[in-house]
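Peer 1: Below are the structure tokens for one structure; questions will follow.
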Amino acid sequence: MSLTHLSFYSAFTMSSLGLAFHRTHLISALLCLESMMLSMFIALSMWPIENQATSFTLIPMLMLAFSACEAGTGLAMLVASTRTHGSDHLQNFNLLQC
């Protein structure tokens, strides 16, 4: 395993551990999701270069578009929850209540 692969894997693992263990604020969960998407984007961008395959060069751009949609949806949820509940603490949310 090369040093670049190790850095991509460790960045993804650290961000997923941050998402699993630091669930106090919604903004920290969104930042962990964005760092996961960033590490996946960089890994998918380097993959066609390593394999010298030009047919997979569109996949990182497609994933980047989905990441932008995910970030916009997450920020909209953050604004809506802050307006209705007064803070972005995840302990204040009740998923069973409409």
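Every chain in the structure tokens has a letter given in the order shown (A, B, ...), and although residue numbers restart at 1 in each chain, ligands are simply numbered from 1 in the order shown.
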Tell me, counting only C-alpha atoms, for each residue of range 47-94 of chain A within 9 Å of range 32-35 of chain A, which pair of atoms is nearest and how far apart they are in Å to one decimal, in rows ordered by chain and increasing number, as a Markdown table.

Peer 2:
| residue | atom | partner | partner_atom | distance |
| --- | --- | --- | --- | --- |
| A:Ser67 | CA | A:Glu34 | CA | 7.5 |
| A:Glu70 | CA | A:Glu34 | CA | 8.6 |
| A:Ala71 | CA | A:Glu34 | CA | 7.3 |

Peer 1: Those residues with N, CA and C atoms, as an mmCIF file, in the first residue's frame please?

Peer 2:
data_model
loop_
_atom_site.group_PDB
_atom_site.id
_atom_site.type_symbol
_atom_site.label_atom_id
_atom_site.label_comp_id
_atom_site.auth_asym_id
_atom_site.auth_seq_id
_atom_site.Cartn_x
_atom_site.Cartn_y
_atom_site.Cartn_z
ATOM 1 N N SER A 67 -22.135 15.502 -3.966
ATOM 2 C CA SER A 67 -21.632 16.064 -2.708
ATOM 3 C C SER A 67 -22.127 17.486 -2.510
ATOM 4 N N GLU A 70 -25.689 17.236 -1.422
ATOM 5 C CA GLU A 70 -25.743 16.786 -0.031
ATOM 6 C C GLU A 70 -25.405 17.922 0.920
ATOM 7 N N ALA A 71 -24.442 18.739 0.561
ATOM 8 C CA ALA A 71 -24.065 19.871 1.417
ATOM 9 C C ALA A 71 -25.176 20.909 1.475
#

Peer 1: Could you pull out the helix (DSSP H, G or I) residues of chain A from DSSP and send them as an MDAnalysis selection string?

Peer 2: chainID A and resid 3:21 26:51 54:56 59:85 90:92

Peer 1: Give me, as a ChimeraX atom specification, all polymer residues having an atom no more than 10 Å from Pro48 in chain A, counting only C-alpha atoms and skipping those fewer than 4 positions away in the same chain.

Peer 2: /A:43-44,52-60

Peer 1: Could you turn the residues from that selection into a file that holds N, CA and C atoms, as a short mmCIF file (atom, residue, chain, number, x, y, z; two decimals), in the first residue's frame?

Peer 2:
data_model
loop_
_atom_site.label_atom_id
_atom_site.label_comp_id
_atom_site.auth_asym_id
_atom_site.auth_seq_id
_atom_site.Cartn_x
_atom_site.Cartn_y
_atom_site.Cartn_z
N ALA A 43 -9.61 10.31 -3.82
CA ALA A 43 -9.25 8.93 -4.17
C ALA A 43 -9.79 8.55 -5.54
N LEU A 44 -11.01 8.96 -5.86
CA LEU A 44 -11.56 8.65 -7.18
C LEU A 44 -10.90 9.46 -8.28
N GLN A 52 -4.44 4.39 -15.59
CA GLN A 52 -4.36 4.90 -16.96
C GLN A 52 -5.59 4.54 -17.77
N ALA A 53 -6.75 4.75 -17.13
CA ALA A 53 -8.03 4.49 -17.79
C ALA A 53 -8.77 5.81 -17.92
N THR A 54 -9.05 6.22 -19.14
CA THR A 54 -9.72 7.49 -19.36
C THR A 54 -11.24 7.38 -19.26
N SER A 55 -11.76 6.17 -19.19
CA SER A 55 -13.21 6.02 -19.16
C SER A 55 -13.80 6.33 -17.79
N PHE A 56 -12.99 6.40 -16.75
CA PHE A 56 -13.48 6.66 -15.40
C PHE A 56 -13.23 8.09 -14.95
N THR A 57 -12.94 8.99 -15.85
CA THR A 57 -12.63 10.36 -15.44
C THR A 57 -13.87 11.17 -15.12
N LEU A 58 -15.03 10.73 -15.53
CA LEU A 58 -16.27 11.47 -15.25
C LEU A 58 -16.84 11.15 -13.87
N ILE A 59 -16.47 10.03 -13.30
CA ILE A 59 -17.03 9.59 -12.02
C ILE A 59 -16.74 10.57 -10.88
N PRO A 60 -15.51 11.14 -10.74
CA PRO A 60 -15.31 12.11 -9.66
C PRO A 60 -16.15 13.37 -9.80
#

Peer 1: Just the residues within 12 Å of range 12-20 of chain A, please, counting only C-alpha atoms, with nothing from its chain fewer than 6 positions along; format it as a ChimeraX atom specification.

Peer 2: /A:5-6,26-43

Peer 1: Which residue gives the smallest distance to Asp88 in chain A among A:Met1, A:Leu75, A:Met46, A:Met61, with only C-alpha atoms counted?

Peer 2: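 With only C-alpha atoms as the atom set, the closest residue is A:Leu75.
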
Peer 1: Just give me the gap between CA of Thr4 in chain A and CA of Ser45 in chain A in Å, one decimal is fine.

Peer 2: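 Atom-to-atom, CA of Thr4 in chain A to CA of Ser45 in chain A, that is 12.1 Å.
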
Peer 1: Which of these, A:His85, A:His25, A:Ala68, A:Ser2, has the shortest distance to Glu50 in chain A once you count only C-alpha atoms?

Peer 2: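 Smallest distance to Glu50 in chain A is found for A:Ser2.
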